[in-house]
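Report on one structure; see the data block that follows.
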Amino acid sequence: MIGGRPGLWLAIGLTVFIAFAFRLWGLGSSSITHPEIYAPGITLPEFVTQPIARTSVSTIVRSTLLTDNHPPGYYLLALPWSQVFGTGLTALRMPAALIGALTTLLLLLAYWKREGRFVAMVAATWLALHGTHVLWSRNARMWALSAAMAVVSVWALQELRNRYRFGWALAYVGSLTVGLWTEYTFWPVLAAQLLSEVIHSARSEQPSPVVGLQGLAISLGSPVFVFLLSRLGSSAYLEAPAGHHLEAFAAFGSWFDMDQVATWGVRGLALRLLLVSGGALLMGLGAWRGPALSDAGSPARTRSNRIELILWLSLFWPALLIWIWREQPFDEAYPVRTVTLAIPVVVAAGYSVFSRGWPVLRGLLRRLAGLFPFRQLGADVVVAVAVVPFVLLLAVSPVMPAVAPRSMLVLVPFQLVLAARGLAALARGPAARAVAVAGIVLIGAASSILAMNAPTPRDYQGLAAAITQQKTSSDLFVVEDQWYATPVLYYLGADVIESREARVLSDPSELDRISAARIWLLKFDGLPDNQGALLEQHRYRAIRSFSVRGAEARLFERSAP
């Protein structure tokens, strides 16, 4: 697939090496973050519900239904990994780091011939040194996997447009399904591809079988609505003005942490202006210079019939899962089961109507495909996936906030392809291109180094280290059952220490039953200041107190009667 001079192979190898280096170097050195405590395999005390310990498929499903704002796909895939390699921080983070680094290679392979060597190399190098992508590739979470599945799915879609082959069809459905199970923000990515493919197929005599494959992915992903509907009203992302999201989007998908840049004064303002104006110019130019709409192929009718049959057979998949999960705590306030079971029926029936009504639909679509910007969305799936999901999520955000740098990581590879196109159009000569690439490498290295060394909001590692120097085996630890407090238990060893939930301090009868000679009170955001006073009322006195970033520990010892 890739040929050329030895120098090109050296450049490719260096790009991939950089991607791995920035994602793997010192991977386990920084403190665990509160999102990572949701990783499967970590042992937690029985009183902890934020999150419920995820040590099996059943507990992953239950915990996702009750305490998470993301579907369970990443956790289900990561569970076997943690069972084999353990739950050390390096082991927990390794899957995301490897996937994030390999996404650089996937992007390079996907666009080497389609976009040309320069565009493919620039986009891959840019992704290798993209600060936000580096950051979330170094966390035991799902966003790097979601971005990788988006790259694979778009690559497969573009190959299927050239020639329908079973291998690419399988890769397409598989990557879409994994993406849908990994993050809710992947659904707009699929919607963008569906829109692009329907418009693209307007000149075909037969309906596109790719639409049927997209429908199959929707059916296979429909059980995800069990979790989405159960968590309505609980947002995973902070509220932010639309202008903030637009700024991050234009700045090459938050190449830098824009909130951090905003604290740098005049230099930060200059960098923000450079990123936003440069991103808007290059991505806009790249979208404008995309491929022209070409005639779609004429897929065999029998192929559409086979896909239609598979769609109807796929109805059994969500029904089977609903039956397996029948004892799980579904939210009865929403029609969870009904919606989940109805989606595949609607999809199968919709594709039947789409196939049989194609002669009529084709005429309407040909008119639509002639209009700008629909013409470009149908011709260039990169533009569709880079822009349409962001617009959809921005429209949804007033009701349910859904836009954040981590959730938008799925769009970053395609934004960088657009930017690389724009750069290729502006920098024509070898010297200009060399200077441009050098600038990307230097600025990207800075963004990646900042991401690698970004401080966590709370230093659980430092707090636990300070406690470990002074704790004894008979100490009792009092910790809140809250997402911001639970991660410290990862370091203290939840299976070897005695711990109780902080509400025990508000119940005098519970306090009377405590026999521990020493109690550690761990204070995080929101823990009432009167907790120490309550202990003092029960003959405990504070003998030590220390704090680290975002957390505090106080050691109380029982006084002699």
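Just so we're on the same page: first chain in the structure tokens is A, next is B, and so on; residues restart at 1 for each chain, and ligands are numbered from 1 in the order they show up.
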### Message
List as an MDAnalysis selection string the protein and nucleic acid residues near region 20-23 of chain A, meaning an atom at most 10 Å away when only C-alpha atoms are counted, but skip any in the same chain fewer than 3 places from it.
### Response
chainID A and resid 14:17 26:27 93:94 96:102 104 128:131 133:139 445 448:449 451:452
Would you give me, as JSON lines, each residue of region 276-370 of chain A having an atom within 9 Å of an atom of region 425-431 of chain A, along with its shortest atom pair and that distance in Å to one decimal, using only C-alpha atoms and sorting by chain and residue number?
{"residue": "A:Leu282", "atom": "CA", "partner": "A:Leu426", "partner_atom": "CA", "distance": 8.6}
{"residue": "A:Leu285", "atom": "CA", "partner": "A:Ala425", "partner_atom": "CA", "distance": 7.9}
{"residue": "A:Gly286", "atom": "CA", "partner": "A:Ala425", "partner_atom": "CA", "distance": 8.0}
{"residue": "A:Arg289", "atom": "CA", "partner": "A:Ala425", "partner_atom": "CA", "distance": 8.4}
Just-selected residues, all heavy atoms written as a PDB file, in the first residue's frame:
ATOM      1  N   LEU A 282      -7.454  26.749   7.487  1.00  0.00           N
ATOM      2  CA  LEU A 282      -6.965  25.505   6.891  1.00  0.00           C
ATOM      3  C   LEU A 282      -8.075  24.468   6.740  1.00  0.00           C
ATOM      4  O   LEU A 282      -8.185  23.815   5.689  1.00  0.00           O
ATOM      5  CB  LEU A 282      -5.827  24.936   7.740  1.00  0.00           C
ATOM      6  CG  LEU A 282      -4.518  25.736   7.747  1.00  0.00           C
ATOM      7  CD1 LEU A 282      -3.478  25.047   8.612  1.00  0.00           C
ATOM      8  CD2 LEU A 282      -3.984  25.924   6.335  1.00  0.00           C
ATOM      9  N   LEU A 285     -10.490  25.629   3.973  1.00  0.00           N
ATOM     10  CA  LEU A 285      -9.893  25.439   2.653  1.00  0.00           C
ATOM     11  C   LEU A 285      -9.846  23.952   2.295  1.00  0.00           C
ATOM     12  O   LEU A 285     -10.112  23.572   1.144  1.00  0.00           O
ATOM     13  CB  LEU A 285      -8.487  26.033   2.634  1.00  0.00           C
ATOM     14  CG  LEU A 285      -7.750  26.024   1.289  1.00  0.00           C
ATOM     15  CD1 LEU A 285      -8.546  26.781   0.226  1.00  0.00           C
ATOM     16  CD2 LEU A 285      -6.355  26.638   1.446  1.00  0.00           C
ATOM     17  N   GLY A 286      -9.539  23.108   3.293  1.00  0.00           N
ATOM     18  CA  GLY A 286      -9.513  21.676   3.046  1.00  0.00           C
ATOM     19  C   GLY A 286     -10.867  21.121   2.694  1.00  0.00           C
ATOM     20  O   GLY A 286     -10.993  20.222   1.840  1.00  0.00           O
ATOM     21  N   ARG A 289     -11.753  22.126  -0.934  1.00  0.00           N
ATOM     22  CA  ARG A 289     -10.979  21.451  -1.971  1.00  0.00           C
ATOM     23  C   ARG A 289     -11.193  19.936  -1.965  1.00  0.00           C
ATOM     24  O   ARG A 289     -10.412  19.184  -2.525  1.00  0.00           O
ATOM     25  CB  ARG A 289      -9.481  21.736  -1.785  1.00  0.00           C
ATOM     26  CG  ARG A 289      -9.102  23.180  -2.076  1.00  0.00           C
ATOM     27  CD  ARG A 289      -7.621  23.388  -1.817  1.00  0.00           C
ATOM     28  NE  ARG A 289      -6.789  22.528  -2.664  1.00  0.00           N
ATOM     29  CZ  ARG A 289      -6.417  22.837  -3.889  1.00  0.00           C
ATOM     30  NH1 ARG A 289      -6.807  23.974  -4.441  1.00  0.00           N
ATOM     31  NH2 ARG A 289      -5.653  22.022  -4.586  1.00  0.00           N
TER      32      ARG A 289
END
### Query
So, counting only C-alpha atoms, which residue among A:Gly422, A:Gly350, A:Gly268, A:Gly13 is closest to Ala123 (chain A)?
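Among the listed residues, A:Gly422 lies closest to Ala123 (chain A).
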### Task
Rank A:Leu442, A:Ala280, A:Ile310, A:Val224 by their smallest atom-to-atom distance to Arg337 (chain A), using only C-alpha atoms, and report the top residue only.
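Selected residue with least distance to Arg337 (chain A): A:Val224.
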### Message
So that I can see what lies close to region 459-475 of chain A, please list as a ChimeraX atom specification the residues with an atom at most 9 Å from it, counting only C-alpha atoms and leaving out residues fewer than 6 positions away in the same chain.
### Response
/A:30-33,485,487-492,496-499,516-520,546-553
### Shell around Arg114 (chain A) at 10 Å using only C-alpha atoms, local window under 3 positions removed, as a list in words
Leu109, Ala110, Tyr111, Arg117, Val119, Ala120, Trp155, Gln158 and Glu159 of chain A
Can those selected residues be exported to a file as a compact mmCIF listing (two decimals), in the first residue's frame so that it contains C-alpha atoms?
# COMPACT_ATOMS: atom_id res chain seq x y z
CA LEU A 109 -2.62 4.12 5.73
CA ALA A 110 -6.18 5.27 5.10
CA TYR A 111 -5.19 8.47 3.27
CA ARG A 117 1.70 11.42 0.65
CA VAL A 119 -1.58 15.21 3.28
CA ALA A 120 -1.41 11.73 4.85
CA TRP A 155 -11.72 4.22 5.76
CA GLN A 158 -14.52 4.99 1.32
CA GLU A 159 -13.23 1.59 0.20
### Message
Please determine, counting only C-alpha atoms, which residue among A:Ala250, A:Leu281, A:Val178, A:Leu361 has the shortest atom-to-atom distance to Glu205 (chain A).
### Response
A:Leu361
### Query
Please, what distance in Å, to one decimal, runs between CA of Asn162 (chain A) and CA of Leu105 (chain A)?
21.8 Å
#### Entry: Top pick for closest residue to Gln260 (chain A), considering A:Ser447, A:Ser175, A:Thr103, A:Thr59 and counting only C-alpha atoms
A:Ser447
#### Entry: helix (DSSP H, G or I) residues, from DSSP on the backbone, in region 65-245 of chain A, as a ChimeraX atom specification
/A:65-67,73-85,89-115,117-128,131-137,143-162,166-182,186-203,209-221,224-230,242-245
### Query
Which one is closest to Gln376 (chain A): A:Gly363, A:Gly290, A:Gly265, A:Pro209? Count only C-alpha atoms.
A:Gly290
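Considering the residues A:Phe414, A:Phe316, A:Trp288, A:Trp255 and counting only C-alpha atoms, Pro223 (chain A) has its shortest atom-to-atom contact with A:Phe316.
Surrounding region 83-87 of chain A within 10 Å are Ala39, Pro40, Gly41, Ile42, Thr43, Thr55, Ser56, Ala78, Leu79, Pro80, Thr90, Ala91, Leu92, Arg93, Met94 and Tyr490 of chain A, with only C-alpha atoms counted and residues fewer than 3 positions along the same chain left out.
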For the selection just defined, write its residues with N, CA and C atoms to a file, as an mmCIF file, in the first residue's frame.
data_model
loop_
_atom_site.group_PDB
_atom_site.id
_atom_site.type_symbol
_atom_site.label_atom_id
_atom_site.label_comp_id
_atom_site.auth_asym_id
_atom_site.auth_seq_id
_atom_site.Cartn_x
_atom_site.Cartn_y
_atom_site.Cartn_z
ATOM 1 N N ALA A 39 -12.581 2.035 35.655
ATOM 2 C CA ALA A 39 -11.996 0.949 34.870
ATOM 3 C C ALA A 39 -12.323 -0.393 35.509
ATOM 4 N N PRO A 40 -12.495 -1.430 34.710
ATOM 5 C CA PRO A 40 -12.875 -2.729 35.266
ATOM 6 C C PRO A 40 -11.727 -3.413 35.993
ATOM 7 N N GLY A 41 -12.092 -4.231 36.978
ATOM 8 C CA GLY A 41 -11.113 -5.034 37.695
ATOM 9 C C GLY A 41 -10.636 -4.444 39.005
ATOM 10 N N ILE A 42 -10.890 -3.152 39.268
ATOM 11 C CA ILE A 42 -10.411 -2.506 40.487
ATOM 12 C C ILE A 42 -11.284 -2.928 41.668
ATOM 13 N N THR A 43 -10.651 -3.361 42.751
ATOM 14 C CA THR A 43 -11.368 -3.766 43.958
ATOM 15 C C THR A 43 -11.745 -2.540 44.771
ATOM 16 N N THR A 55 -16.052 -5.938 38.372
ATOM 17 C CA THR A 55 -15.195 -7.116 38.336
ATOM 18 C C THR A 55 -15.765 -8.232 37.475
ATOM 19 N N SER A 56 -16.921 -8.027 36.854
ATOM 20 C CA SER A 56 -17.535 -9.032 35.988
ATOM 21 C C SER A 56 -18.423 -8.321 34.980
ATOM 22 N N ALA A 78 -12.207 -4.055 28.032
ATOM 23 C CA ALA A 78 -11.018 -3.920 28.883
ATOM 24 C C ALA A 78 -10.999 -4.931 30.027
ATOM 25 N N LEU A 79 -12.131 -5.540 30.359
ATOM 26 C CA LEU A 79 -12.181 -6.478 31.479
ATOM 27 C C LEU A 79 -11.220 -7.653 31.303
ATOM 28 N N PRO A 80 -11.223 -8.351 30.155
ATOM 29 C CA PRO A 80 -10.250 -9.445 29.996
ATOM 30 C C PRO A 80 -8.804 -8.966 30.106
ATOM 31 N N THR A 90 -0.157 1.505 34.868
ATOM 32 C CA THR A 90 0.381 1.311 33.524
ATOM 33 C C THR A 90 -0.458 0.298 32.758
ATOM 34 N N ALA A 91 -0.832 -0.790 33.424
ATOM 35 C CA ALA A 91 -1.652 -1.817 32.772
ATOM 36 C C ALA A 91 -3.023 -1.280 32.407
ATOM 37 N N LEU A 92 -3.646 -0.522 33.299
ATOM 38 C CA LEU A 92 -4.974 0.024 33.024
ATOM 39 C C LEU A 92 -4.950 0.983 31.839
ATOM 40 N N ARG A 93 -3.881 1.763 31.733
ATOM 41 C CA ARG A 93 -3.813 2.792 30.705
ATOM 42 C C ARG A 93 -3.263 2.282 29.369
ATOM 43 N N MET A 94 -2.632 1.133 29.395
ATOM 44 C CA MET A 94 -1.954 0.647 28.200
ATOM 45 C C MET A 94 -2.888 0.458 26.993
ATOM 46 N N TYR A 490 -7.991 3.308 45.719
ATOM 47 C CA TYR A 490 -7.167 2.534 44.786
ATOM 48 C C TYR A 490 -5.751 2.380 45.328
#
